[in-house]
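Enquirer: start39.cif is reproduced below (mmCIF, C-alpha atoms and all ligand atoms).
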```cif
data_run
#
loop_
_atom_site.label_atom_id
_atom_site.label_comp_id
_atom_site.auth_asym_id
_atom_site.auth_seq_id
_atom_site.Cartn_x
_atom_site.Cartn_y
_atom_site.Cartn_z
CA GLN A 1 85.24 100.08 109.93
CA SER A 2 84.83 96.47 111.10
CA LYS A 3 84.22 95.40 107.51
CA LEU A 4 87.67 96.53 106.42
CA THR A 5 90.34 93.92 105.95
CA LEU A 6 93.88 94.49 107.20
CA LYS A 7 95.24 95.48 103.82
CA GLN A 8 92.39 97.94 103.33
CA ALA A 9 92.82 99.49 106.75
CA ALA A 10 96.58 99.93 106.54
CA SER A 11 98.24 102.98 105.01
CA PHE A 12 101.33 100.85 104.28
CA PRO A 13 101.80 97.36 102.84
CA LEU A 14 100.60 94.55 105.08
CA GLY A 15 102.25 91.18 104.69
CA ALA A 16 102.34 87.59 105.87
CA SER A 17 105.02 84.97 105.56
CA VAL A 18 103.59 82.26 103.39
CA ASN A 19 104.14 78.53 103.36
CA VAL A 20 103.98 76.94 99.91
CA MET A 21 102.55 73.62 101.09
CA LEU A 22 99.66 75.23 102.97
CA LEU A 23 98.95 77.49 100.04
CA LYS A 24 98.43 74.42 97.87
CA THR A 25 96.52 72.25 100.29
CA ASP A 26 94.40 74.54 102.46
CA SER A 27 91.88 76.82 100.78
CA LEU A 28 90.98 78.54 104.03
CA TYR A 29 94.62 79.49 104.45
CA ARG A 30 94.89 80.65 100.85
CA ASN A 31 91.72 82.72 101.04
CA THR A 32 92.85 84.39 104.25
CA VAL A 33 96.15 85.35 102.62
CA LEU A 34 94.35 86.69 99.56
CA ARG A 35 91.77 88.64 101.53
CA GLU A 36 93.88 90.22 104.26
CA PHE A 37 97.35 90.87 102.89
CA ASN A 38 98.94 92.68 99.95
CA SER A 39 102.52 91.64 100.54
CA ILE A 40 104.02 88.17 100.79
CA THR A 41 107.27 86.99 102.32
CA SER A 42 108.51 83.50 101.53
CA GLU A 43 108.63 81.59 104.82
CA ASN A 44 111.14 78.99 103.61
CA ALA A 45 110.86 78.60 99.84
CA LEU A 46 113.60 81.09 98.96
CA LYS A 47 116.13 79.94 101.52
CA MET A 48 119.43 78.54 100.30
CA ASN A 49 118.82 75.06 101.71
CA ARG A 50 115.67 74.82 99.60
CA ILE A 51 117.16 76.15 96.36
CA PHE A 52 120.86 75.33 96.18
CA LYS A 53 121.02 71.56 95.68
CA ALA A 54 124.60 71.19 94.40
CA PRO A 55 127.15 73.41 92.67
CA GLY A 56 125.29 74.87 89.69
CA VAL A 57 122.07 72.98 90.56
CA PHE A 58 119.06 75.04 91.58
CA ASP A 59 115.61 73.84 92.58
CA TRP A 60 113.09 76.53 91.70
CA SER A 61 109.94 74.51 92.32
CA GLY A 62 108.80 75.96 95.67
CA GLY A 63 110.05 79.47 95.01
CA ASP A 64 108.49 79.69 91.56
CA SER A 65 105.09 78.54 92.70
CA LEU A 66 105.05 81.13 95.50
CA VAL A 67 106.44 83.98 93.42
CA ASN A 68 104.00 83.23 90.61
CA PHE A 69 101.13 83.15 93.11
CA ALA A 70 102.16 86.61 94.31
CA LEU A 71 102.46 87.95 90.79
CA LYS A 72 99.15 86.54 89.64
CA ASN A 73 97.34 87.98 92.66
CA HIS A 74 99.07 91.38 92.61
CA LYS A 75 100.85 90.93 95.92
CA ARG A 76 104.21 92.51 96.55
CA MET A 77 106.82 89.76 96.84
CA HIS A 78 109.54 90.06 99.48
CA GLY A 79 112.30 87.47 99.11
CA HIS A 80 113.59 85.92 102.33
CA THR A 81 116.56 85.29 102.53
CA LEU A 82 119.78 84.97 100.53
CA VAL A 83 122.33 84.48 103.33
CA TRP A 84 121.37 82.94 106.66
CA HIS A 85 123.56 80.77 108.88
CA ARG A 86 120.65 78.43 109.60
CA ALA A 87 119.79 77.71 105.96
CA ILE A 88 123.05 76.31 104.69
CA PRO A 89 122.69 73.19 102.52
CA LYS A 90 124.41 70.07 103.89
CA TRP A 91 126.74 69.76 100.92
CA ILE A 92 128.15 73.23 101.51
CA GLU A 93 129.22 72.23 105.01
CA THR A 94 131.66 69.81 103.41
CA PHE A 95 132.57 71.97 100.41
CA GLU A 96 136.30 72.32 99.91
CA GLY A 97 138.03 75.12 98.10
CA ASP A 98 140.22 78.19 98.54
CA SER A 99 138.79 81.58 99.40
CA LEU A 100 138.18 82.39 95.74
CA ALA A 101 136.17 79.20 95.27
CA TRP A 102 134.07 80.07 98.35
CA GLU A 103 133.58 83.62 97.12
CA ASN A 104 132.44 82.39 93.72
CA LEU A 105 130.10 79.88 95.30
CA LEU A 106 128.25 82.56 97.22
CA LYS A 107 128.41 85.17 94.47
CA ASN A 108 127.09 82.72 91.91
CA TYR A 109 124.27 81.67 94.23
CA ILE A 110 123.18 85.23 94.99
CA GLN A 111 123.34 86.38 91.39
CA THR A 112 121.63 83.33 89.92
CA VAL A 113 118.73 83.59 92.37
CA VAL A 114 118.32 87.35 92.14
CA LYS A 115 118.43 87.22 88.32
CA HIS A 116 115.98 84.34 88.20
CA TYR A 117 113.44 86.44 90.14
CA LYS A 118 114.35 89.80 88.62
CA GLY A 119 111.23 91.89 88.10
CA ARG A 120 109.12 89.44 90.13
CA VAL A 121 110.65 89.82 93.59
CA THR A 122 110.48 93.47 94.66
CA SER A 123 112.83 93.26 97.61
CA TRP A 124 115.23 90.87 99.33
CA ASP A 125 116.47 90.17 102.80
CA VAL A 126 120.03 89.76 101.60
CA ALA A 127 121.73 89.06 104.92
CA ASN A 128 119.73 87.66 107.81
CA GLU A 129 120.98 87.62 111.42
CA VAL A 130 124.68 88.09 110.63
CA ILE A 131 125.24 90.10 113.82
CA ASP A 132 125.38 88.01 116.97
CA ASP A 133 123.72 88.92 120.28
CA ASP A 134 126.99 90.27 121.70
CA GLY A 135 127.35 92.65 118.75
CA SER A 136 130.12 90.73 116.98
CA LEU A 137 129.80 89.34 113.46
CA ARG A 138 128.17 85.94 113.85
CA LYS A 139 130.43 82.96 113.34
CA SER A 140 129.39 81.14 110.21
CA ILE A 141 130.82 79.23 107.33
CA TRP A 142 130.75 82.44 105.28
CA LEU A 143 132.62 84.51 107.82
CA THR A 144 135.25 81.78 108.16
CA HIS A 145 135.93 81.47 104.45
CA LEU A 146 135.20 84.97 103.16
CA GLY A 147 136.24 87.31 105.96
CA PRO A 148 134.25 90.07 107.69
CA ASP A 149 133.57 92.19 104.62
CA TYR A 150 131.55 89.43 102.92
CA VAL A 151 128.34 91.04 104.15
CA ALA A 152 128.92 94.21 102.11
CA ARG A 153 129.89 92.17 99.05
CA CYS A 154 126.63 90.20 99.20
CA TYR A 155 124.73 93.46 98.74
CA GLN A 156 126.94 94.48 95.83
CA TYR A 157 126.42 91.11 94.15
CA ALA A 158 122.65 91.27 94.61
CA HIS A 159 122.54 94.84 93.34
CA GLU A 160 124.51 93.95 90.21
CA ALA A 161 122.06 91.14 89.49
CA ASP A 162 118.97 93.34 89.84
CA PRO A 163 119.61 97.06 90.24
CA ASN A 164 115.90 97.66 90.85
CA ALA A 165 115.52 95.29 93.79
CA LEU A 166 115.31 96.85 97.24
CA LEU A 167 117.87 95.23 99.51
CA PHE A 168 117.28 94.77 103.24
CA TYR A 169 119.33 93.86 106.26
CA ASN A 170 117.13 91.69 108.50
CA ASP A 171 117.68 90.75 112.14
CA TYR A 172 116.02 90.20 115.51
CA GLY A 173 116.50 91.83 118.89
CA GLN A 174 116.92 95.46 117.83
CA GLU A 175 113.97 96.15 120.12
CA ASN A 176 115.56 94.71 123.26
CA ASN A 177 119.33 94.39 122.85
CA PRO A 178 121.16 97.75 122.81
CA LEU A 179 124.54 96.10 122.18
CA LYS A 180 123.21 94.38 119.10
CA SER A 181 121.33 97.39 117.74
CA ALA A 182 124.47 99.49 118.13
CA ALA A 183 126.42 96.93 116.10
CA ILE A 184 123.73 96.85 113.41
CA ARG A 185 123.79 100.64 113.27
CA THR A 186 127.55 100.65 112.89
CA LEU A 187 127.38 98.11 110.08
CA LEU A 188 124.69 100.06 108.23
CA VAL A 189 126.30 103.46 108.73
CA ASP A 190 129.58 102.09 107.46
CA CYS A 191 127.86 100.57 104.42
CA LYS A 192 126.11 103.85 103.72
CA ARG A 193 129.39 105.74 103.83
CA ARG A 194 130.87 103.26 101.36
CA GLU A 195 127.78 103.46 99.14
CA ILE A 196 126.99 99.79 99.58
CA PRO A 197 123.47 99.28 98.21
CA ILE A 198 121.41 98.63 101.35
CA HIS A 199 117.98 100.20 101.14
CA GLY A 200 116.17 98.96 104.20
CA ILE A 201 116.27 97.41 107.61
CA GLY A 202 114.03 94.56 108.79
CA LEU A 203 113.10 94.22 112.44
CA GLN A 204 111.88 90.66 112.85
CA SER A 205 109.96 91.46 116.04
CA HIS A 206 109.29 88.01 117.44
CA ILE A 207 108.08 89.43 120.74
CA SER A 208 105.67 88.53 123.53
CA ILE A 209 102.82 90.21 125.36
CA TYR A 210 105.34 91.01 128.11
CA HIS A 211 107.49 93.14 125.83
CA SER A 212 107.59 96.79 126.81
CA ASP A 213 106.17 99.36 124.40
CA ARG A 214 108.75 101.86 125.52
CA ARG A 215 111.61 99.59 124.50
CA TYR A 216 109.98 98.74 121.21
CA ARG A 217 109.53 102.43 120.51
CA SER A 218 113.14 103.29 121.27
CA GLY A 219 114.47 100.33 119.27
CA ILE A 220 112.50 101.15 116.14
CA SER A 221 113.25 104.83 116.46
CA GLU A 222 116.98 104.11 116.59
CA MET A 223 116.73 102.00 113.43
CA SER A 224 114.45 104.48 111.73
CA SER A 225 116.90 107.34 112.27
CA LEU A 226 119.26 105.70 109.78
CA GLY A 227 116.92 106.99 107.09
CA LEU A 228 116.46 103.59 105.46
CA LEU A 229 113.18 101.85 104.71
CA VAL A 230 111.86 100.14 107.85
CA HIS A 231 110.09 96.77 107.63
CA ILE A 232 108.62 95.07 110.67
CA SER A 233 109.41 91.82 108.94
CA GLU A 234 108.38 88.83 111.09
CA LEU A 235 105.95 90.04 113.73
CA ASP A 236 104.35 87.59 116.15
CA ILE A 237 103.43 88.04 119.81
CA ARG A 238 103.88 85.02 122.08
CA LEU A 239 101.84 84.20 125.17
CA ASN A 240 103.46 81.17 126.76
CA ARG A 241 106.10 82.84 128.89
CA ASN A 242 107.36 79.74 130.72
CA LYS A 243 107.02 77.45 127.72
CA THR A 244 104.82 75.07 129.66
CA LYS A 245 103.57 71.97 127.87
CA ASP A 246 99.99 72.20 129.11
CA PHE A 247 99.61 75.88 128.34
CA VAL A 248 96.15 77.25 127.54
CA PRO A 249 95.84 81.00 126.86
CA THR A 250 93.69 82.87 129.37
CA LYS A 251 91.20 85.53 128.38
CA SER A 252 93.41 88.15 129.93
CA MET A 253 96.41 87.02 127.85
CA LEU A 254 94.39 87.23 124.66
CA GLU A 255 93.35 90.74 125.63
CA GLN A 256 96.94 91.72 126.31
CA GLN A 257 97.79 90.35 122.89
CA GLU A 258 95.05 92.50 121.39
CA ASP A 259 96.59 95.55 123.06
CA LYS A 260 100.12 94.64 122.06
CA TYR A 261 99.27 94.23 118.37
CA LYS A 262 97.52 97.58 118.53
CA SER A 263 100.54 99.25 120.17
CA ILE A 264 102.98 97.89 117.61
CA ALA A 265 100.88 99.20 114.72
CA ARG A 266 100.55 102.59 116.43
CA ILE A 267 104.24 102.83 117.28
CA TYR A 268 105.16 101.99 113.69
CA LYS A 269 102.92 104.74 112.33
CA GLU A 270 104.03 107.23 114.92
CA ILE A 271 107.81 106.65 114.76
CA VAL A 272 108.60 105.69 111.19
CA PRO A 273 108.25 108.55 108.68
CA LYS A 274 105.73 107.77 105.95
CA SER A 275 108.38 107.68 103.23
CA GLN A 276 110.29 104.97 105.14
CA GLN A 277 107.30 102.71 105.89
CA TYR A 278 107.94 99.51 103.95
CA GLY A 279 105.20 97.76 105.89
CA ILE A 280 104.45 95.23 108.59
CA THR A 281 104.69 91.50 107.90
CA ILE A 282 103.24 88.89 110.26
CA TRP A 283 105.20 85.62 110.55
CA ASN A 284 102.57 83.07 109.45
CA VAL A 285 98.81 83.34 109.36
CA GLY A 286 96.96 81.06 111.80
CA ASP A 287 98.15 79.87 115.22
CA LYS A 288 98.30 76.33 113.86
CA ASP A 289 100.98 77.23 111.31
CA SER A 290 103.08 79.44 113.59
CA TYR A 291 106.72 78.48 113.72
CA GLN A 292 106.77 79.42 117.40
CA SER A 293 105.20 76.16 118.63
CA ASP A 294 107.93 74.22 116.86
CA ALA A 295 110.62 76.55 118.11
CA CYS A 296 109.63 76.27 121.78
CA LYS A 297 108.19 72.73 121.61
CA CYS A 298 105.23 74.05 123.52
CA PRO A 299 101.75 75.31 122.73
CA GLU A 300 101.69 78.87 121.41
CA ALA A 301 99.10 81.19 119.91
CA PRO A 302 101.02 84.24 118.73
CA LEU A 303 99.07 85.24 115.61
CA LEU A 304 96.03 87.16 114.41
CA PHE A 305 93.97 84.12 113.38
CA ASP A 306 93.23 80.98 115.38
CA LYS A 307 93.77 77.44 114.19
CA ASN A 308 90.60 77.61 112.08
CA TYR A 309 91.61 80.99 110.60
CA LYS A 310 88.97 82.76 112.64
CA LYS A 311 89.89 86.32 113.65
CA LYS A 312 91.17 86.59 117.22
CA LEU A 313 91.03 89.58 119.54
CA ALA A 314 94.58 90.18 118.31
CA TYR A 315 93.15 90.82 114.84
CA LYS A 316 90.75 93.40 116.22
CA GLY A 317 93.52 95.12 118.16
CA PHE A 318 95.85 95.23 115.17
CA LEU A 319 93.11 96.52 112.87
CA ASN A 320 92.30 99.28 115.36
CA GLY A 321 95.94 100.26 115.56
CA LEU A 322 96.46 100.47 111.80
C1 LIG B 1 111.67 79.79 110.27
C2 LIG B 1 110.50 79.11 109.59
O1 LIG B 1 109.31 79.74 110.01
C3 LIG B 1 110.49 77.63 109.92
O2 LIG B 1 109.47 76.96 109.21
C4 LIG B 1 111.85 77.03 109.60
O3 LIG B 1 111.88 75.69 110.01
C5 LIG B 1 112.98 77.80 110.25
O4 LIG B 1 112.88 79.16 109.91
N1 LIG B 1 113.81 84.13 111.82
C6 LIG B 1 113.86 84.08 110.45
C7 LIG B 1 113.02 83.11 109.73
O5 LIG B 1 114.53 84.91 109.85
O6 LIG B 1 113.63 82.67 108.53
C8 LIG B 1 112.66 81.93 110.58
O7 LIG B 1 111.75 81.12 109.87
C9 LIG B 1 112.12 82.36 111.90
C10 LIG B 1 113.11 83.18 112.66
#
```
Before we go any further, please render this structure as structure tokens.

Expert:
Amino acid sequence: QSKLTLKQAASFPLGASVNVMLLKTDSLYRNTVLREFNSITSENALKMNRIFKAPGVFDWSGGDSLVNFALKNHKRMHGHTLVWHRAIPKWIETFEGDSLAWENLLKNYIQTVVKHYKGRVTSWDVANEVIDDDGSLRKSIWLTHLGPDYVARCYQYAHEADPNALLFYNDYGQENNPLKSAAIRTLLVDCKRREIPIHGIGLQSHISIYHSDRRYRSGISEMSSLGLLVHISELDIRLNRNKTKDFVPTKSMLEQQEDKYKSIARIYKEIVPKSQQYGITIWNVGDKDSYQSDACKCPEAPLLFDKNYKKKLAYKGFLNGL
């Protein structure tokens, strides 16, 4: 049992978000990815601000090297993300044009990218975080210029470009914000009724050791009842509740993290029907590369491996829960 790796222990795909730079420069990082995971999500390389350099100008360098790495090593490749309000290239912020020009800009971007990776990227987070915390459609440059139904059109455009790609709606907070999960449900139910090609829902799941299992269970069960594929898409479990600068994890916190990783794996298996289990993806690999320390400007240790890619108690807990 203890000799199994995560991907061997899991009955569903097990992923990590991968950083292209680290993949190139750190062999310990690369070997951990290769050994433990069978699915890869692009951390940043397939975001619009990395790819879309000017109208009609696409930079494939980062994306191609990651996607080819996945292909060569037989990992499932999940593309993240086509439309996200925080990954808008600078030049688009000053783009001028009528609503048709804006529509064509986005359509052309989505279709060029999806076609470029057709047959190599299995699934896409098409829209990321387009519902705001109060349940309304999030204000963004796309909403302003394209109107509220742009979300549905993004899925149609992506589907036209690669009819075989599985298309996901990805967001955070479904596990602790009832207002927001209700709005996501409404969006997805409406899309289903209109036969908009959305095949799955991603629950980011950036949580902490203080998050209640009961709430996580009810959140995922509500999403799961839509009948779509369910991807825990960006899991990490924070420790530093008060974001203190001199934070050092205690033994008890690391044990709570072990338990929490185990619970999440168990809840996923218990609640999501087998046929809907798209897998669990961890957001980054070792604590050193976690985006959480940057996000909170404080020390964090939310992952399965420590800064030297040694397995933490969290790893043991997760493995036991799988
Ligand atoms: C984060 C990356 O990890 C950072 O490196 C980057 O600077 C900002 O984006 N939700 C998402 C991800 O959907 O795309 C975010 O990734 C983390 C939060």

Enquirer: Can you pull out every residue with an atom within 8 Å of ligand LIG 1 (chain B)? Use only C-alpha atoms and all ligand atoms and format it as a ChimeraX atom specification.

Expert: /A:43-44,47,80-81,84,86,128-129,170-172,204,206,234,283-284,290-292

Enquirer: What are the closest atom pairs, with distances in Å to one decimal, for each residue of segment 75-108 of chain A lying within 10 Å of segment 150-162 of chain A, using all atoms listed in the file, rows by chain and rising residue number, as a Markdown table?

Expert:
```
| residue | atom | partner | partner_atom | distance |
| --- | --- | --- | --- | --- |
| A:Leu82 | CA | A:Cys154 | CA | 8.7 |
| A:Val83 | CA | A:Cys154 | CA | 8.3 |
| A:Glu103 | CA | A:Tyr150 | CA | 8.5 |
| A:Leu106 | CA | A:Cys154 | CA | 8.1 |
| A:Lys107 | CA | A:Tyr157 | CA | 6.3 |
| A:Asn108 | CA | A:Tyr157 | CA | 8.7 |
```

Enquirer: One decimal, in Å: what's the spacing between atom CA of Ala301 of chain A and atom CA of Glu222 of chain A?

Expert: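 For atom CA of Ala301 of chain A relative to atom CA of Glu222 of chain A, the distance reads 29.3 Å.
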
Enquirer: Using all atoms listed in the file, determine which residues lie at most 9 Å from segment 28-42 of chain A, disregarding the query and same-chain residues fewer than 5 positions distant; provide the list as a PyMOL selection string.

Expert: chain A and resi 5-8+13-20+22-23+47+63+66-67+70+73-81+233+279+281+283+285-286+308-309

Enquirer: I need the residue nearest Leu187 of chain A from this list: A:Asp26, A:Trp142, A:Val130, A:Tyr268. Use all atoms listed in the file for the distance.

Expert: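 Smallest distance to Leu187 of chain A is found for A:Val130.
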
Enquirer: Residues near Met48 of chain A, anyone? I mean within 7 Å using all atoms listed in the file, not counting same-chain ones fewer than 4 positions away, as a list of chain:residue names.

Expert: A:Phe52, A:Leu82, A:Ala87, A:Ile88, A:Pro89

Enquirer: In terms of the shortest atom-to-atom distance over all atoms listed in the file, which of A:Ile264, A:Ala165, A:Ile184, A:Leu239 is closest to Ile282 of chain A?

Expert: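 Distance minimum relative to Ile282 of chain A lands on A:Ile264.
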
Enquirer: Just give me the gap between atom CA of Ile201 of chain A and atom CA of Lys115 of chain A in Å, one decimal is fine.

Expert: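 Those two atoms sit 21.9 Å apart.
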
Enquirer: Need the shell around Asp287 of chain A: protein/DNA/RNA residues with any atom at most 10 Å away, counting only C-alpha atoms. Skip same-chain ones fewer than 4 positions apart. Format as a ChimeraX atom specification?

Expert: /A:236,291-293,299-310,312

Enquirer: Please report the interatomic distance between atom CA of His199 of chain A and atom CA of Val272 of chain A in Å with one decimal.

Expert: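 The value is 14.8 Å.
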
Enquirer: Name the closest residue to Lys297 of chain A among the candidates A:Lys243, A:Lys311, A:Lys274, A:Lys260; distances are taken between atoms, counting all atoms listed in the file.

Expert: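 Going through A:Lys243, A:Lys311, A:Lys274, A:Lys260 one by one, the smallest distance to Lys297 of chain A is for A:Lys243.
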
Enquirer: Can you find the residues with an atom no farther than 8 Å from (129.4, 92.6, 121.1), counting all atoms listed in the file, and report them as a PyMOL selection string?

Expert: chain A and resi 132-136+179-180+183

Enquirer: Choose the residue, out of A:Ile237, A:Leu4, A:Val113, A:Ala9, that has the smallest atom-to-atom separation from Val57 of chain A; count all atoms listed in the file.

Expert: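 Selected residue with least distance to Val57 of chain A: A:Val113.
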
Enquirer: For Leu146 of chain A, which of A:Ser99, A:Ser123, A:Pro163, A:Asn177 is the closest residue, counting all atoms listed in the file?

Expert: A:Ser99

Enquirer: Name the closest residue to Met253 of chain A among the candidates A:Ser11, A:Asn104, A:Ser275, A:Ser208; distances are taken between atoms, counting only C-alpha atoms.

Expert: A:Ser208

Enquirer: Working from the structure I just supplied, which lacks atoms in segment 118-135 of chain A, can you model N, CA and C atoms there and output them as a PDB file, in the frame of the given file?

Expert:
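Output contents, as saved in rebuild_33.pdb:
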```
ATOM      1  N   LYS A 118     114.301  88.387  88.996  1.00  0.00           N
ATOM      2  CA  LYS A 118     114.350  89.800  88.620  1.00  0.00           C
ATOM      3  C   LYS A 118     112.997  90.257  88.055  1.00  0.00           C
ATOM      4  N   GLY A 119     112.508  91.369  88.575  1.00  0.00           N
ATOM      5  CA  GLY A 119     111.230  91.890  88.100  1.00  0.00           C
ATOM      6  C   GLY A 119     110.020  91.210  88.740  1.00  0.00           C
ATOM      7  N   ARG A 120     110.240  90.121  89.457  1.00  0.00           N
ATOM      8  CA  ARG A 120     109.120  89.440  90.130  1.00  0.00           C
ATOM      9  C   ARG A 120     109.211  89.573  91.644  1.00  0.00           C
ATOM     10  N   VAL A 121     110.438  89.598  92.160  1.00  0.00           N
ATOM     11  CA  VAL A 121     110.650  89.820  93.590  1.00  0.00           C
ATOM     12  C   VAL A 121     111.076  91.275  93.766  1.00  0.00           C
ATOM     13  N   THR A 122     110.264  92.026  94.512  1.00  0.00           N
ATOM     14  CA  THR A 122     110.480  93.470  94.660  1.00  0.00           C
ATOM     15  C   THR A 122     111.666  93.775  95.558  1.00  0.00           C
ATOM     16  N   SER A 123     111.811  92.960  96.610  1.00  0.00           N
ATOM     17  CA  SER A 123     112.830  93.260  97.610  1.00  0.00           C
ATOM     18  C   SER A 123     113.365  91.961  98.205  1.00  0.00           C
ATOM     19  N   TRP A 124     114.577  92.048  98.734  1.00  0.00           N
ATOM     20  CA  TRP A 124     115.230  90.870  99.330  1.00  0.00           C
ATOM     21  C   TRP A 124     115.776  91.167 100.711  1.00  0.00           C
ATOM     22  N   ASP A 125     115.614  90.205 101.625  1.00  0.00           N
ATOM     23  CA  ASP A 125     116.470  90.170 102.800  1.00  0.00           C
ATOM     24  C   ASP A 125     117.750  89.527 102.310  1.00  0.00           C
ATOM     25  N   VAL A 126     118.773  90.331 102.103  1.00  0.00           N
ATOM     26  CA  VAL A 126     120.030  89.760 101.600  1.00  0.00           C
ATOM     27  C   VAL A 126     120.710  89.007 102.732  1.00  0.00           C
ATOM     28  N   ALA A 127     121.120  89.728 103.767  1.00  0.00           N
ATOM     29  CA  ALA A 127     121.730  89.060 104.920  1.00  0.00           C
ATOM     30  C   ALA A 127     120.721  89.017 106.061  1.00  0.00           C
ATOM     31  N   ASN A 128     120.643  87.865 106.697  1.00  0.00           N
ATOM     32  CA  ASN A 128     119.730  87.660 107.810  1.00  0.00           C
ATOM     33  C   ASN A 128     120.531  87.239 109.047  1.00  0.00           C
ATOM     34  N   GLU A 129     120.378  87.992 110.118  1.00  0.00           N
ATOM     35  CA  GLU A 129     120.980  87.620 111.420  1.00  0.00           C
ATOM     36  C   GLU A 129     122.498  87.435 111.376  1.00  0.00           C
ATOM     37  N   VAL A 130     123.227  88.288 110.650  1.00  0.00           N
ATOM     38  CA  VAL A 130     124.680  88.090 110.630  1.00  0.00           C
ATOM     39  C   VAL A 130     125.401  88.770 111.802  1.00  0.00           C
ATOM     40  N   ILE A 131     124.659  89.543 112.585  1.00  0.00           N
ATOM     41  CA  ILE A 131     125.240  90.100 113.820  1.00  0.00           C
ATOM     42  C   ILE A 131     124.778  89.219 114.989  1.00  0.00           C
ATOM     43  N   ASP A 132     125.717  88.854 115.825  1.00  0.00           N
ATOM     44  CA  ASP A 132     125.380  88.010 116.970  1.00  0.00           C
ATOM     45  C   ASP A 132     124.861  88.857 118.132  1.00  0.00           C
ATOM     46  N   ASP A 133     124.334  88.186 119.168  1.00  0.00           N
ATOM     47  CA  ASP A 133     123.720  88.920 120.280  1.00  0.00           C
ATOM     48  C   ASP A 133     124.710  89.785 121.058  1.00  0.00           C
ATOM     49  N   ASP A 134     125.998  89.441 120.990  1.00  0.00           N
ATOM     50  CA  ASP A 134     126.990  90.270 121.700  1.00  0.00           C
ATOM     51  C   ASP A 134     127.532  91.400 120.814  1.00  0.00           C
ATOM     52  N   GLY A 135     126.954  91.547 119.626  1.00  0.00           N
ATOM     53  CA  GLY A 135     127.350  92.650 118.750  1.00  0.00           C
ATOM     54  C   GLY A 135     128.480  92.303 117.788  1.00  0.00           C
TER      55      GLY A 135
END
```
